[in-house]
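**Q** The structure's right below; bear with me while I get my questions together.
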2 protein chains.
Amino acid sequence: MTPLQNDLFLRALARQPTPRTPLWMMRQAGRYLPEYRATRARAGDFLTLCSTPELACEVTLQPLARFRLDAAILFSDILTIPQALGLGLEFEAGEGPRIDRPVRTAADIARLPTLDPERELRYVMDAVRLIRRELGGRVPLIGFAGSPWTVATYVVEGGGSKNFARIKAMLYGAPADAHRLLAHLARATTDYLNAQVAAGAQALMVFDTWGGALEPAAYREFSLRYMAEIVAGLTREHDGRRVPVILFTKGGGAWLPELAAAGADALGVDWTTDLATARAAVGDRVALQGNLDPSVLYAPPAAIRAAVARVLDSYGRGHGHVFNLGHGIHPDVPPEHAAAMVDAVHELSPAYHR
Amino acid sequence: MTPLQNDLFLRALARQPTPRTPLWMMRQAGRYLPEYRATRARAGDFLTLCSTPELACEVTLQPLARFRLDAAILFSDILTIPQALGLGLEFEAGEGPRIDRPVRTAADIARLPTLDPERELRYVMDAVRLIRRELGGRVPLIGFAGSPWTVATYVVEGGGSKNFARIKAMLYGAPADAHRLLAHLARATTDYLNAQVAAGAQALMVFDTWGGALEPAAYREFSLRYMAEIVAGLTREHDGRRVPVILFTKGGGAWLPELAAAGADALGVDWTTDLATARAAVGDRVALQGNLDPSVLYAPPAAIRAAVARVLDSYGRGHGHVFNLGHGIHPDVPPEHAAAMVDAVHELSPAYHR
């Protein structure tokens, strides 16, 4: 493998000194980019785009050609695991994901197969290997998965949800079933992420998109616990370099101290928690990643720059901050507005590292 | 007016002793009740239901006939103000609200008329007067409005929103415009709530459904500030009795201490913050209302009872707690599950008041 030319992202995750704040954007390879929309149109549908290594590689690299970003993130989806478990996954235009065979009973859960990621999710590992080759060491590649709780919401509801009716009925009415399902997903996710590391992922992120829909006790018992299990089971070193892990519970600002104890190197923070507050809450235990409100990118460039300054200022002086949005970039944001954000981080952040 | 027979709700809001924890449910007059669906079908559409005092009165009283609740809440909508301001309001089946003439420019804002609630919203005051008469003092009647920020999101976006693209572009790109709009809405809301009190509302609640979509500094500047302005302008006593005010920012658990300083008598708390944490955060300054996860009502009655016990236990011993859901009851919850919750509060809460 070619040596890494820009390791700012990995150094920030290790809370080591960097001359400026590194940055990437959640969902940076996405619909807001015309070149992404072109590749997606060529692929025909979203799942083909995810499962064709050449196409996944192409869209992974697109934002790097446009913006001065410090990391690439594998183009994939958090629902690859349910698909690999044979539950059937479809994306209908404008409808979001659908799971054809939702898991709702103890028998459904008992029937779930063990995942062999190098077999059922080989296309992901092929994409990781190809992206690493094409990156040529420019920036590190992030692998990822959904948290067991977040993936379980889709698996039980049969798709996206607003009220989480079925999974919360299970969680409160049949908690042992919920635990069996989550334990199964946690094992599969651990194996999946380790396979991504073996294939070349240089950092990992676990997205707990729906942890914030839980009450605190349920969050601890049904989401945090299984993320901690995953972290404990991960390969944390590969090719002589530490593979850092980032955990991100959207809407979990109040739980950052507990999340910081889960063993990860860094925590994602959404925009509803100030980085100053987050930093005070976690101390020196973890690095922080975030947290510009992605809707700030609807505002004009001057306002974006001012908002970037406030985020940098909120984290303050010192290392251990990876700049990012507080959630994925919205598909209707003008790419020039993303560029204004990237430029502002490059220009304004060195002052915080002197 | 007939004297109030059950004032547990008002006493709890004043943090005075009560023999048990009073309760009501956000959206208690709603689609989960077959009798509501029957009245709504007779009305033809949602807006006719809201704007016909006899029908609004009928649905307001329905949950009281079924459950042992300690308050009634006016059946209405947070978008009556934009409608009264001439912006055009429609509810399309399954689509949510639509504002026909959204407010997007400085000129749009300058053109907004001053609201005279007894004229443009006379149907609301007529409903309040009728409900008070029909209640005959059984329980107090709560009047309500949306927070300026929450109403502004609909007014600027032209309806419901996920990303708040236009209003956040205004907030960050043209903050003076946003302030003018919010100040106008705050004045209209103050007059509207005072008119409800004059008509007979015995307590008030301000719903800040979307305050939690803001970063902390923006929440303070664009949502909290205008709720505090409203509270400062409200008639707090009527017919010799205090008219308490409840403020509720969904997703605002981290901001409870600041919200407690806004001058209200009580704060609503959603289920993502434990009441023990909330109580520690606000001290003796305000009463608390909440906070069962409304999705717990999808679980079987025994699990609902256990979850009610946890909420009561989280608030702990002493007065100043109004039991409620952490958000509106979901339309697909079985009414018997709501009954299980109500029964559990009646049976389990006296132990906390001895």
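Ordering of the structure tokens sets the chain letters (A, B, ...); residue numbers start at 1 within each chain; ligands are numbered from 1 in the order shown.
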Please, which residues of chain B lie no more than 7 Å from chain A when the count uses only C-alpha atoms, and can they be set out as a list in words?
**A**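 Residues passing the distance filter: Asn163, Phe164, Ala165, Lys168, Ala169, Tyr172, Gly173, Leu214, Glu215, Pro216, Ala254, Trp271, Thr272, Thr273, Asp274, Ser295, Val296, Tyr298, Ala299, Pro300 and Ala303 of chain B.
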**Q** For C-alpha atoms, I'd like the residues from the last selection saved as a PDB file, in the first residue's frame.
**A**
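Contents of selection_11.pdb, as written:
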```pdb
ATOM      1  CA  ASN B 163     -34.727  20.492   6.800  1.00  0.00           C
ATOM      2  CA  PHE B 164     -36.174  24.002   7.303  1.00  0.00           C
ATOM      3  CA  ALA B 165     -34.315  25.166   4.210  1.00  0.00           C
ATOM      4  CA  LYS B 168     -32.823  28.661   8.179  1.00  0.00           C
ATOM      5  CA  ALA B 169     -31.534  30.469   5.085  1.00  0.00           C
ATOM      6  CA  TYR B 172     -28.562  32.824   8.997  1.00  0.00           C
ATOM      7  CA  GLY B 173     -28.656  34.970   5.867  1.00  0.00           C
ATOM      8  CA  LEU B 214     -32.010  24.679  16.174  1.00  0.00           C
ATOM      9  CA  GLU B 215     -28.453  24.934  17.429  1.00  0.00           C
ATOM     10  CA  PRO B 216     -28.314  26.252  21.015  1.00  0.00           C
ATOM     11  CA  ALA B 254     -30.617  20.497  27.369  1.00  0.00           C
ATOM     12  CA  TRP B 271     -39.185  11.444  26.886  1.00  0.00           C
ATOM     13  CA  THR B 272     -35.541  11.877  25.874  1.00  0.00           C
ATOM     14  CA  THR B 273     -34.846  13.629  29.209  1.00  0.00           C
ATOM     15  CA  ASP B 274     -35.474  11.837  32.500  1.00  0.00           C
ATOM     16  CA  SER B 295     -44.769   4.977  21.494  1.00  0.00           C
ATOM     17  CA  VAL B 296     -44.885   3.055  24.792  1.00  0.00           C
ATOM     18  CA  TYR B 298     -48.008   0.499  21.322  1.00  0.00           C
ATOM     19  CA  ALA B 299     -46.880  -2.035  23.946  1.00  0.00           C
ATOM     20  CA  PRO B 300     -49.274  -4.267  25.939  1.00  0.00           C
ATOM     21  CA  ALA B 303     -45.658  -2.860  29.878  1.00  0.00           C
TER      22      ALA B 303
END
```
**Q** Can you pull out every residue within 7 Å of Pro63 (chain B), counting only C-alpha atoms, but drop anything in the same chain fewer than 3 positions away, and send it as a list in words?
**A**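 Listing them by chain and then by number gives Gln28, Ala29, Arg66 and Phe67 of chain B.
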**Q** For Gly318 (chain B), which residue out of B:Arg42, B:Arg20, B:Arg119, B:His238 is the nearest one, using only C-alpha atoms?
**A**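 Among the listed residues, B:Arg20 lies closest to Gly318 (chain B).
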**Q** Need to verify the contact set: Val139 (chain A), 12 Å, only C-alpha atoms, exclusion of same-chain residues closer than 3 positions in sequence. Can you return it as an mmCIF file with N, CA and C atoms, in the first residue's frame?
**A**
```cif
data_model
loop_
_atom_site.group_PDB
_atom_site.id
_atom_site.type_symbol
_atom_site.label_atom_id
_atom_site.label_comp_id
_atom_site.auth_asym_id
_atom_site.auth_seq_id
_atom_site.Cartn_x
_atom_site.Cartn_y
_atom_site.Cartn_z
ATOM 1 N N THR A 2 0.455 2.253 -0.745
ATOM 2 C CA THR A 2 1.170 3.533 -0.746
ATOM 3 C C THR A 2 1.021 4.206 0.608
ATOM 4 N N PRO A 3 2.065 4.917 1.052
ATOM 5 C CA PRO A 3 1.951 5.590 2.355
ATOM 6 C C PRO A 3 0.918 6.714 2.302
ATOM 7 N N LEU A 4 0.343 6.997 3.448
ATOM 8 C CA LEU A 4 -0.700 8.013 3.550
ATOM 9 C C LEU A 4 -0.073 9.408 3.489
ATOM 10 N N GLN A 5 -0.552 10.224 2.535
ATOM 11 C CA GLN A 5 0.023 11.565 2.380
ATOM 12 C C GLN A 5 -0.613 12.593 3.318
ATOM 13 N N ASN A 6 -1.902 12.421 3.583
ATOM 14 C CA ASN A 6 -2.603 13.368 4.467
ATOM 15 C C ASN A 6 -3.233 12.566 5.604
ATOM 16 N N ASP A 7 -2.590 12.623 6.755
ATOM 17 C CA ASP A 7 -3.130 11.869 7.892
ATOM 18 C C ASP A 7 -3.710 12.793 8.964
ATOM 19 N N LEU A 8 -4.076 14.015 8.577
ATOM 20 C CA LEU A 8 -4.640 14.969 9.552
ATOM 21 C C LEU A 8 -5.846 14.395 10.281
ATOM 22 N N PHE A 9 -6.704 13.730 9.505
ATOM 23 C CA PHE A 9 -7.925 13.161 10.076
ATOM 24 C C PHE A 9 -7.589 12.138 11.162
ATOM 25 N N LEU A 10 -6.658 11.224 10.852
ATOM 26 C CA LEU A 10 -6.297 10.193 11.835
ATOM 27 C C LEU A 10 -5.602 10.812 13.043
ATOM 28 N N ARG A 11 -4.783 11.822 12.804
ATOM 29 C CA ARG A 11 -4.096 12.466 13.931
ATOM 30 C C ARG A 11 -5.096 13.199 14.829
ATOM 31 N N PRO A 22 -8.904 19.134 10.486
ATOM 32 C CA PRO A 22 -9.299 18.358 9.299
ATOM 33 C C PRO A 22 -10.820 18.324 9.159
ATOM 34 N N LEU A 23 -11.283 18.041 7.964
ATOM 35 C CA LEU A 23 -12.736 17.988 7.759
ATOM 36 C C LEU A 23 -13.143 17.000 6.688
ATOM 37 N N TRP A 24 -14.326 16.488 6.832
ATOM 38 C CA TRP A 24 -15.056 15.785 5.780
ATOM 39 C C TRP A 24 -16.526 16.066 6.028
ATOM 40 N N THR A 60 -17.456 7.592 -4.448
ATOM 41 C CA THR A 60 -16.679 7.868 -3.232
ATOM 42 C C THR A 60 -15.631 8.941 -3.497
ATOM 43 N N LEU A 61 -15.025 8.879 -4.693
ATOM 44 C CA LEU A 61 -13.923 9.804 -5.002
ATOM 45 C C LEU A 61 -14.391 11.170 -5.496
ATOM 46 N N LEU A 64 -13.845 14.351 -3.405
ATOM 47 C CA LEU A 64 -12.428 14.669 -3.197
ATOM 48 C C LEU A 64 -11.858 15.450 -4.373
ATOM 49 N N ALA A 65 -12.429 15.240 -5.556
ATOM 50 C CA ALA A 65 -11.962 15.954 -6.738
ATOM 51 C C ALA A 65 -12.418 17.413 -6.701
ATOM 52 N N ARG A 68 -11.354 20.267 -0.878
ATOM 53 C CA ARG A 68 -10.160 19.879 -0.117
ATOM 54 C C ARG A 68 -10.579 19.187 1.181
ATOM 55 N N LEU A 69 -10.965 17.924 1.052
ATOM 56 C CA LEU A 69 -11.433 17.136 2.198
ATOM 57 C C LEU A 69 -10.311 16.244 2.715
ATOM 58 N N ASP A 70 -10.369 15.870 3.977
ATOM 59 C CA ASP A 70 -9.291 15.114 4.599
ATOM 60 C C ASP A 70 -9.614 13.647 4.812
ATOM 61 N N ALA A 71 -10.750 13.194 4.329
ATOM 62 C CA ALA A 71 -11.074 11.769 4.413
ATOM 63 C C ALA A 71 -12.064 11.423 3.312
ATOM 64 N N ALA A 72 -12.012 10.179 2.889
ATOM 65 C CA ALA A 72 -13.034 9.619 2.000
ATOM 66 C C ALA A 72 -13.877 8.686 2.855
ATOM 67 N N ILE A 73 -15.148 8.558 2.520
ATOM 68 C CA ILE A 73 -15.968 7.558 3.209
ATOM 69 C C ILE A 73 -16.586 6.647 2.165
ATOM 70 N N ILE A 131 -11.275 1.305 -3.787
ATOM 71 C CA ILE A 131 -11.160 2.722 -3.390
ATOM 72 C C ILE A 131 -9.761 2.990 -2.829
ATOM 73 N N ARG A 132 -9.278 2.076 -1.974
ATOM 74 C CA ARG A 132 -7.921 2.257 -1.430
ATOM 75 C C ARG A 132 -6.893 2.380 -2.549
ATOM 76 N N ARG A 133 -7.045 1.516 -3.562
ATOM 77 C CA ARG A 133 -6.096 1.555 -4.680
ATOM 78 C C ARG A 133 -6.204 2.895 -5.408
ATOM 79 N N GLU A 134 -7.430 3.299 -5.690
ATOM 80 C CA GLU A 134 -7.642 4.538 -6.454
ATOM 81 C C GLU A 134 -7.277 5.782 -5.642
ATOM 82 N N LEU A 135 -7.444 5.703 -4.343
ATOM 83 C CA LEU A 135 -7.069 6.849 -3.498
ATOM 84 C C LEU A 135 -5.560 7.080 -3.531
ATOM 85 N N GLY A 136 -4.813 5.981 -3.653
ATOM 86 C CA GLY A 136 -3.359 6.104 -3.706
ATOM 87 C C GLY A 136 -2.777 6.844 -2.507
ATOM 88 N N ILE A 142 -12.731 5.912 5.328
ATOM 89 C CA ILE A 142 -13.583 5.544 6.465
ATOM 90 C C ILE A 142 -14.544 4.437 6.043
ATOM 91 N N ALA A 201 -10.126 -0.420 5.177
ATOM 92 C CA ALA A 201 -10.686 0.765 5.835
ATOM 93 C C ALA A 201 -9.736 1.230 6.936
ATOM 94 N N GLN A 202 -9.466 2.532 6.991
ATOM 95 C CA GLN A 202 -8.454 3.058 7.911
ATOM 96 C C GLN A 202 -9.051 3.732 9.145
ATOM 97 N N ALA A 203 -10.360 3.865 9.149
ATOM 98 C CA ALA A 203 -11.090 4.377 10.306
ATOM 99 C C ALA A 203 -12.498 3.840 10.158
#
```
**Q** Would you please extract all strand (DSSP E or B) residues from region 157-253 of chain A, as assigned by DSSP on the backbone, and give them as a list in words?
**A**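 Assigned to strand (DSSP E or B), within region 157-253 of chain A: Gly159, Ala203, Leu204, Met205, Val206, Phe207, Asp208, Glu237, His238, Arg241, Arg242, Val245, Ile246, Leu247, Phe248 and Thr249 of chain A.
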**Q** Nearest residue to Trp149 (chain A) out of A:Arg31, A:Glu95, A:Leu130, A:Leu224, using only C-alpha atoms?
**A** A:Leu224
**Q** Go ahead and compute the interatomic distance for CA of Ala264 (chain B) and CA of Ile329 (chain B), in Å to one decimal.
**A**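 Rounded to one decimal, the two atoms are 23.9 Å apart.
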**Q** Counting only C-alpha atoms, which residue out of B:Gly240, B:His327, B:Arg101, B:Arg15 sits closest to Arg285 (chain B)?
**A**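 Among B:Gly240, B:His327, B:Arg101, B:Arg15, it is B:Arg15 that comes nearest to Arg285 (chain B).
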